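Okay, model.cif is below, mmCIF, C-alpha atoms:
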data_final
#
loop_
_atom_site.label_atom_id
_atom_site.label_comp_id
_atom_site.auth_asym_id
_atom_site.auth_seq_id
_atom_site.Cartn_x
_atom_site.Cartn_y
_atom_site.Cartn_z
CA MET A 1 -8.58 66.49 13.08
CA SER A 2 -6.47 69.60 13.71
CA PRO A 3 -4.48 69.88 16.95
CA LEU A 4 -6.88 72.58 18.06
CA GLN A 5 -9.90 70.37 17.48
CA ALA A 6 -8.13 67.46 19.14
CA HIS A 7 -7.49 69.61 22.15
CA PHE A 8 -11.10 70.63 22.39
CA LYS A 9 -12.57 67.21 21.54
CA THR A 10 -15.45 66.68 23.90
CA ALA A 11 -19.06 65.66 24.33
CA THR A 12 -21.63 68.34 25.04
CA SER A 13 -25.37 68.00 25.39
CA SER A 14 -27.34 70.98 24.07
CA PRO A 15 -27.07 71.83 20.34
CA MET A 16 -26.58 75.56 21.06
CA ILE A 17 -23.80 74.89 23.55
CA ARG A 18 -22.29 72.41 21.10
CA GLU A 19 -22.31 75.11 18.41
CA LEU A 20 -20.42 77.48 20.69
CA ALA A 21 -18.13 74.64 21.73
CA ASN A 22 -16.54 74.80 18.32
CA PRO A 23 -13.52 77.08 18.94
CA THR A 24 -13.36 78.12 15.28
CA ARG A 25 -16.97 79.29 15.40
CA PHE A 26 -16.33 81.03 18.73
CA MET A 27 -13.29 82.83 17.27
CA SER A 28 -15.25 84.11 14.29
CA LEU A 29 -18.30 85.15 16.37
CA SER A 30 -16.25 86.86 19.09
CA GLY A 31 -14.05 88.55 16.47
CA THR A 32 -17.14 90.20 14.95
CA LEU A 33 -18.66 91.10 18.32
CA LEU A 34 -15.54 92.52 19.99
CA PRO A 35 -15.17 95.89 18.15
CA TRP A 36 -18.89 96.62 18.65
CA LEU A 37 -18.69 95.82 22.36
CA GLY A 38 -15.55 97.92 22.77
CA GLY A 39 -17.05 100.85 20.85
CA LEU A 40 -20.32 100.76 22.82
CA ALA A 41 -18.39 100.51 26.10
CA ALA A 42 -16.28 103.57 25.20
CA LEU A 43 -19.36 105.60 24.18
CA LEU A 44 -21.29 104.74 27.34
CA MET A 45 -18.21 105.39 29.49
CA ALA A 46 -17.82 108.85 27.92
CA ALA A 47 -21.54 109.62 28.42
CA GLY A 48 -21.55 108.27 31.98
CA LEU A 49 -18.41 110.14 33.03
CA TYR A 50 -19.75 113.36 31.45
CA MET A 51 -22.89 113.04 33.61
CA VAL A 52 -20.84 112.20 36.71
CA TRP A 53 -18.57 115.22 36.31
CA PHE A 54 -20.94 117.82 34.84
CA THR A 55 -24.58 117.04 35.66
CA ALA A 56 -24.76 114.78 38.75
CA PRO A 57 -25.16 116.84 41.94
CA ALA A 58 -22.85 116.74 44.95
CA ASP A 59 -24.27 114.79 47.90
CA TYR A 60 -25.86 116.93 50.62
CA GLN A 61 -23.74 115.22 53.28
CA GLN A 62 -20.73 113.81 51.46
CA GLY A 63 -20.15 116.69 49.03
CA GLU A 64 -18.09 115.86 45.96
CA THR A 65 -16.59 112.66 47.41
CA VAL A 66 -19.78 110.94 46.27
CA LYS A 67 -18.10 110.91 42.82
CA ILE A 68 -16.04 107.96 44.08
CA MET A 69 -19.30 105.98 44.25
CA TYR A 70 -19.59 105.97 40.43
CA ILE A 71 -16.49 103.80 40.11
CA HIS A 72 -16.49 102.02 43.47
CA VAL A 73 -19.98 100.52 43.11
CA PRO A 74 -19.64 99.26 39.48
CA ALA A 75 -16.23 97.77 40.39
CA ALA A 76 -17.84 95.91 43.31
CA TRP A 77 -20.65 94.60 41.09
CA LEU A 78 -18.13 93.43 38.48
CA SER A 79 -16.04 91.72 41.11
CA LEU A 80 -19.07 89.55 41.99
CA PHE A 81 -20.17 89.29 38.33
CA PHE A 82 -16.82 87.84 37.24
CA TYR A 83 -16.81 85.47 40.17
CA MET A 84 -20.24 84.21 39.04
CA ILE A 85 -18.86 83.79 35.50
CA MET A 86 -15.94 81.79 36.92
CA ALA A 87 -18.24 79.67 39.11
CA SER A 88 -20.62 78.84 36.24
CA SER A 89 -17.64 78.11 33.98
CA ALA A 90 -16.25 75.85 36.72
CA LEU A 91 -19.54 73.90 36.60
CA GLY A 92 -19.17 73.83 32.82
CA THR A 93 -15.73 72.29 33.23
CA LEU A 94 -16.59 69.74 35.92
CA VAL A 95 -20.14 68.75 34.97
CA TRP A 96 -20.50 69.25 31.22
CA ARG A 97 -16.84 69.26 30.20
CA HIS A 98 -17.56 72.15 27.90
CA PRO A 99 -14.37 72.87 25.96
CA LEU A 100 -14.61 76.63 26.33
CA ALA A 101 -15.54 76.56 30.03
CA ASP A 102 -11.99 76.41 31.35
CA VAL A 103 -10.91 78.98 28.77
CA SER A 104 -13.66 81.25 30.12
CA GLN A 105 -12.63 80.58 33.73
CA LYS A 106 -9.01 81.38 33.06
CA ALA A 107 -9.76 84.58 31.15
CA ALA A 108 -12.19 85.85 33.82
CA ALA A 109 -9.84 85.54 36.82
CA PRO A 110 -7.44 88.48 36.21
CA ILE A 111 -10.32 90.78 35.20
CA GLY A 112 -12.31 89.94 38.34
CA ALA A 113 -9.21 90.38 40.48
CA ALA A 114 -8.52 93.80 38.93
CA PHE A 115 -12.08 95.04 39.62
CA THR A 116 -11.92 93.70 43.18
CA LEU A 117 -8.70 95.66 43.69
CA ILE A 118 -10.33 98.82 42.27
CA CYS A 119 -13.30 98.30 44.60
CA LEU A 120 -11.10 97.89 47.69
CA VAL A 121 -8.77 100.81 46.97
CA THR A 122 -11.49 103.27 45.92
CA GLY A 123 -13.53 102.17 48.94
CA SER A 124 -10.56 102.87 51.17
CA LEU A 125 -10.03 106.28 49.54
CA TRP A 126 -13.72 107.06 50.07
CA GLY A 127 -13.64 105.77 53.64
CA LYS A 128 -10.87 108.09 54.83
CA PRO A 129 -12.67 111.41 54.21
CA MET A 130 -16.16 110.01 55.08
CA TRP A 131 -15.56 107.56 57.95
CA GLY A 132 -12.22 108.92 59.12
CA THR A 133 -10.41 105.66 58.38
CA TYR A 134 -8.95 103.88 55.36
CA TRP A 135 -9.81 100.45 56.72
CA GLN A 136 -12.15 98.80 59.21
CA TRP A 137 -12.42 95.05 59.82
CA ASP A 138 -16.16 95.06 59.26
CA ALA A 139 -17.96 92.20 57.53
CA ARG A 140 -18.33 93.84 54.09
CA LEU A 141 -14.75 95.07 53.85
CA THR A 142 -13.27 91.86 55.21
CA SER A 143 -15.34 89.58 52.95
CA MET A 144 -14.30 91.71 49.96
CA LEU A 145 -10.64 91.36 50.97
CA VAL A 146 -11.20 87.59 51.21
CA MET A 147 -12.66 87.80 47.69
CA LEU A 148 -9.42 89.38 46.42
CA LEU A 149 -7.37 86.68 48.18
CA ILE A 150 -9.50 83.95 46.56
CA TYR A 151 -8.98 85.57 43.14
CA LEU A 152 -5.21 85.70 43.76
CA GLY A 153 -5.23 82.05 44.91
CA ILE A 154 -7.05 81.05 41.70
CA LEU A 155 -4.53 82.99 39.58
CA ALA A 156 -1.66 81.30 41.41
CA LEU A 157 -3.19 77.83 40.96
CA TRP A 158 -3.53 78.41 37.20
CA ARG A 159 0.21 79.07 37.10
CA ALA A 160 1.12 76.18 39.39
CA ILE A 161 -0.21 73.38 37.14
CA GLU A 162 1.18 73.35 33.62
CA GLU A 163 -1.23 71.02 31.86
CA PRO A 164 -4.33 73.17 31.07
CA ASN A 165 -6.99 70.48 31.57
CA ARG A 166 -5.63 69.36 34.94
CA ALA A 167 -5.22 72.97 36.02
CA ALA A 168 -8.83 73.69 35.01
CA ARG A 169 -10.21 70.85 37.17
CA ALA A 170 -8.20 71.92 40.23
CA VAL A 171 -9.14 75.58 39.75
CA SER A 172 -12.83 74.63 39.26
CA ILE A 173 -12.96 73.01 42.69
CA LEU A 174 -11.26 75.99 44.35
CA THR A 175 -13.61 78.38 42.50
CA LEU A 176 -16.75 76.51 43.60
CA VAL A 177 -15.56 76.32 47.21
CA GLY A 178 -14.77 80.05 47.08
CA ALA A 179 -18.25 80.79 45.69
CA VAL A 180 -19.61 80.54 49.24
CA ASN A 181 -18.09 84.01 49.72
CA VAL A 182 -20.34 85.62 47.06
CA PRO A 183 -23.56 85.67 49.15
CA ILE A 184 -21.46 86.57 52.21
CA VAL A 185 -20.17 89.69 50.42
CA LYS A 186 -23.65 90.60 49.17
CA PHE A 187 -25.56 90.06 52.43
CA SER A 188 -22.81 90.92 54.92
CA VAL A 189 -24.34 94.39 55.36
CA ASP A 190 -27.68 92.82 56.36
CA TRP A 191 -26.39 89.92 58.45
CA TRP A 192 -23.93 91.90 60.53
CA ASN A 193 -23.74 95.38 61.98
CA THR A 194 -21.28 96.96 59.55
CA LEU A 195 -19.73 100.39 59.13
CA HIS A 196 -20.40 99.91 55.41
CA GLN A 197 -23.90 101.03 54.42
CA PRO A 198 -26.53 98.48 53.29
CA ALA A 199 -27.57 98.09 49.62
CA SER A 200 -29.20 101.14 48.05
CA VAL A 201 -29.71 100.01 44.43
CA PHE A 202 -30.47 96.26 44.24
CA ARG A 203 -32.82 95.92 47.20
CA LEU A 204 -36.41 94.96 47.92
CA GLY A 205 -38.51 98.10 47.70
CA GLY A 206 -36.41 99.69 44.96
CA PRO A 207 -33.37 101.96 44.92
CA THR A 208 -33.01 104.67 47.54
CA ILE A 209 -30.79 106.91 45.40
CA HIS A 210 -32.22 109.93 43.58
CA SER A 211 -32.43 109.49 39.80
CA SER A 212 -29.95 112.35 39.24
CA MET A 213 -27.31 110.04 40.75
CA LEU A 214 -28.83 106.65 39.90
CA VAL A 215 -28.90 107.24 36.12
CA PRO A 216 -25.16 108.12 35.77
CA LEU A 217 -24.31 105.28 38.16
CA LEU A 218 -26.21 102.75 36.03
CA ILE A 219 -24.70 104.11 32.79
CA VAL A 220 -21.15 103.83 34.18
CA ALA A 221 -22.01 100.36 35.51
CA VAL A 222 -23.19 99.19 32.07
CA ALA A 223 -20.03 100.74 30.50
CA PHE A 224 -17.84 98.90 33.04
CA THR A 225 -19.73 95.66 32.36
CA LEU A 226 -19.34 95.96 28.58
CA THR A 227 -15.63 96.75 29.05
CA GLY A 228 -15.30 93.69 31.28
CA VAL A 229 -17.18 91.44 28.84
CA ALA A 230 -15.04 92.71 25.92
CA LEU A 231 -11.88 92.01 27.95
CA HIS A 232 -13.22 88.57 28.82
CA LEU A 233 -13.96 87.68 25.19
CA SER A 234 -10.56 88.99 24.14
CA GLY A 235 -8.88 87.00 26.94
CA MET A 236 -10.71 83.84 25.81
CA ARG A 237 -9.55 84.37 22.22
CA THR A 238 -5.94 84.80 23.36
CA GLU A 239 -6.20 81.72 25.59
CA ILE A 240 -7.44 79.61 22.66
CA LEU A 241 -4.44 80.80 20.62
CA ARG A 242 -2.10 80.10 23.58
CA ARG A 243 -3.37 76.50 23.74
CA ARG A 244 -2.88 76.10 20.04
CA VAL A 245 0.70 77.40 20.42
CA ARG A 246 1.21 74.88 23.24
CA THR A 247 -0.14 71.97 21.18
CA LEU A 248 1.99 72.89 18.16
CA THR A 249 5.12 73.36 20.30
CA ILE A 250 4.63 69.85 21.73
CA LEU A 251 4.04 68.52 18.21
CA GLU A 252 7.26 70.17 17.01
CA ALA A 253 9.22 68.68 19.92
CA GLU A 254 7.79 65.21 19.20
CA ARG A 255 8.72 65.53 15.54
CA LEU A 256 12.28 66.58 16.41
CA ASP A 257 12.48 63.62 18.81
CA ALA A 258 11.33 61.22 16.10
CA GLN A 259 13.89 62.63 13.67
CA ALA A 260 16.70 62.27 16.22
CA ALA A 261 15.77 58.65 16.98
CA MET B 1 -5.82 116.36 52.78
CA SER B 2 -8.54 117.82 50.59
CA HIS B 3 -11.37 115.73 49.20
CA THR B 4 -10.08 116.45 45.69
CA PHE B 5 -7.03 114.28 46.41
CA PHE B 6 -9.16 111.24 47.31
CA ILE B 7 -11.45 111.69 44.30
CA ALA B 8 -8.58 112.24 41.84
CA PHE B 9 -6.56 109.33 43.25
CA SER B 10 -9.59 107.00 42.89
CA TYR B 11 -10.22 107.96 39.27
CA ILE B 12 -6.53 107.88 38.26
CA LEU B 13 -6.03 104.46 39.85
CA THR B 14 -9.16 103.06 38.18
CA ALA B 15 -8.07 104.45 34.80
CA LEU B 16 -4.59 102.95 35.20
CA VAL B 17 -5.93 99.50 36.13
CA VAL B 18 -8.46 99.45 33.26
CA ILE B 19 -5.86 100.72 30.74
CA GLY B 20 -3.45 98.10 32.10
CA LEU B 21 -6.05 95.35 31.50
CA ILE B 22 -6.63 96.56 27.92
CA LEU B 23 -2.88 96.82 27.16
CA ARG B 24 -2.27 93.38 28.65
CA ALA B 25 -5.04 91.93 26.46
CA VAL B 26 -3.68 93.55 23.29
CA ILE B 27 -0.01 92.67 23.92
CA ASP B 28 -0.74 89.07 24.98
CA HIS B 29 -2.93 88.56 21.90
CA ARG B 30 -0.20 89.89 19.58
CA ILE B 31 2.44 87.64 21.18
CA GLN B 32 0.28 84.54 20.68
CA VAL B 33 -0.59 85.45 17.07
CA ARG B 34 3.11 86.03 16.28
CA THR B 35 4.25 82.79 17.95
CA LEU B 36 1.55 80.84 16.13
CA ALA B 37 2.58 82.38 12.80
CA GLU B 38 6.23 81.43 13.48
CA LEU B 39 5.27 77.83 14.29
CA GLU B 40 3.11 77.58 11.18
CA ALA B 41 5.90 79.12 9.08
CA ARG B 42 8.09 76.23 10.20
CA GLY B 43 5.40 73.88 8.90
CA ILE B 44 4.29 72.63 12.32
CA GLY B 45 0.57 73.27 12.00
CA ARG B 46 0.16 71.71 8.55
CA ARG B 47 -1.69 68.46 8.46
CA SER B 48 0.08 67.09 5.37
CA ARG B 49 3.54 67.41 6.86
CA ARG B 50 2.76 66.23 10.36
CA GLY B 51 4.36 63.14 11.53
#

Could you render the structure as structure tokens?
Amino acid sequence: MSPLQAHFKTATSSPMIRELANPTRFMSLSGTLLPWLGGLAALLMAAGLYMVWFTAPADYQQGETVKIMYIHVPAAWLSLFFYMIMASSALGTLVWRHPLADVSQKAAAPIGAAFTLICLVTGSLWGKPMWGTYWQWDARLTSMLVMLLIYLGILALWRAIEEPNRAARAVSILTLVGAVNVPIVKFSVDWWNTLHQPASVFRLGGPTIHSSMLVPLLIVAVAFTLTGVALHLSGMRTEILRRRVRTLTILEAERLDAQAA
Amino acid sequence: MSHTFFIAFSYILTALVVIGLILRAVIDHRIQVRTLAELEARGIGRRSRRG
């Protein structure tokens, strides 16, 4: 058994999940998928941004500042999306001990944190000209800030514990506790009286945005999602290599020890 | 300040963060591949010589 296989030795239940649990198979599958994902993301991003800048109309009240929506909203969705990926991977680590679950968790954290930061800063830059303030301690904005702090806490915890499997278990618990914030972020605009507007795309009764704005928004959102997924796959591949480097470094040290003895 | 400033700042910041994520992914991957190659060149990863 290679050091890599030894590291990932585990018991998984479903045959499909077991197939993907083989890191070698994952590396080959993700290696094929990655350029296609990246290419599709770049194409959709170009198409979406063209529509945003050249065909989508200015808002009748907000004027051109509505252009901030096309990056602010997808960034917010991805912030929650990556948290959901981390939370399901945390379950994969704690419940099923899936060997790629903690790799997935670790790779998702910096990407989710980056999109949360984009969401907060672009929101702030949109708030100043529209609301007259960069920041308001309303429920949506505050819960999103808490989301960023949870992401940063998770990133810090990954660095605090050196042994990857122990780190993964500790991070999983923190991630699942932090998951309580996901519905709070989503429904904060309904549960409390917020300065932030309520949902206008994913809501009962359908979207309230005109298609001339909704279509470019959805295209940019899909482009952001594909970019995020490509980054996640790439991060997982790098993390698998990093663990192999770690295993081999330990092996080398043990061998040198044995020679010295 | 004009609205253009807020729009441009938002787009530039988003572009920088996304480009940063992509660069980080590429550089980190290259570092790990190189380190792994160095370790294997020293014969560490080979089953027959382990021990």

Would you mind listing, as a PDB file with C-alpha atoms, in the coordinates of the input, all residues of chain B that have at least one atom within 9 Å of chain A, where all atoms listed in the file are what counts?
ATOM      1  CA  MET B   1      -5.820 116.360  52.780  1.00  0.00           C
ATOM      2  CA  SER B   2      -8.540 117.820  50.590  1.00  0.00           C
ATOM      3  CA  HIS B   3     -11.370 115.730  49.200  1.00  0.00           C
ATOM      4  CA  THR B   4     -10.080 116.450  45.690  1.00  0.00           C
ATOM      5  CA  PHE B   6      -9.160 111.240  47.310  1.00  0.00           C
ATOM      6  CA  ILE B   7     -11.450 111.690  44.300  1.00  0.00           C
ATOM      7  CA  ALA B   8      -8.580 112.240  41.840  1.00  0.00           C
ATOM      8  CA  PHE B   9      -6.560 109.330  43.250  1.00  0.00           C
ATOM      9  CA  SER B  10      -9.590 107.000  42.890  1.00  0.00           C
ATOM     10  CA  TYR B  11     -10.220 107.960  39.270  1.00  0.00           C
ATOM     11  CA  LEU B  13      -6.030 104.460  39.850  1.00  0.00           C
ATOM     12  CA  THR B  14      -9.160 103.060  38.180  1.00  0.00           C
ATOM     13  CA  VAL B  17      -5.930  99.500  36.130  1.00  0.00           C
ATOM     14  CA  VAL B  18      -8.460  99.450  33.260  1.00  0.00           C
ATOM     15  CA  LEU B  21      -6.050  95.350  31.500  1.00  0.00           C
ATOM     16  CA  ILE B  22      -6.630  96.560  27.920  1.00  0.00           C
ATOM     17  CA  ALA B  25      -5.040  91.930  26.460  1.00  0.00           C
ATOM     18  CA  VAL B  26      -3.680  93.550  23.290  1.00  0.00           C
ATOM     19  CA  ASP B  28      -0.740  89.070  24.980  1.00  0.00           C
ATOM     20  CA  HIS B  29      -2.930  88.560  21.900  1.00  0.00           C
ATOM     21  CA  ARG B  30      -0.200  89.890  19.580  1.00  0.00           C
ATOM     22  CA  GLN B  32       0.280  84.540  20.680  1.00  0.00           C
ATOM     23  CA  VAL B  33      -0.590  85.450  17.070  1.00  0.00           C
ATOM     24  CA  THR B  35       4.250  82.790  17.950  1.00  0.00           C
ATOM     25  CA  LEU B  36       1.550  80.840  16.130  1.00  0.00           C
ATOM     26  CA  LEU B  39       5.270  77.830  14.290  1.00  0.00           C
ATOM     27  CA  GLU B  40       3.110  77.580  11.180  1.00  0.00           C
ATOM     28  CA  ILE B  44       4.290  72.630  12.320  1.00  0.00           C
ATOM     29  CA  GLY B  45       0.570  73.270  12.000  1.00  0.00           C
ATOM     30  CA  ARG B  46       0.160  71.710   8.550  1.00  0.00           C
ATOM     31  CA  ARG B  47      -1.690  68.460   8.460  1.00  0.00           C
ATOM     32  CA  ARG B  50       2.760  66.230  10.360  1.00  0.00           C
ATOM     33  CA  GLY B  51       4.360  63.140  11.530  1.00  0.00           C
TER      34      GLY B  51
END

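You can rank A:Ala260, A:Gln61, A:Thr225, A:Ala90 by their closest distance to Met45 (chain A) using all atoms listed in the file, and at the top of that list sits A:Thr225.
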
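Shortest separation to Ala101 (chain A) among A:Ile184, A:Ala168, A:Met147, A:Ala199 occurs at residue A:Ala168, atoms counted being all atoms listed in the file.
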
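The spacing separating CA of Ala179 (chain A) from CA of Trp158 (chain A) amounts to 17.2 Å.
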
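Distance-wise, CA of Trp191 (chain A) and CA of Arg140 (chain A) end up 10.0 Å apart.
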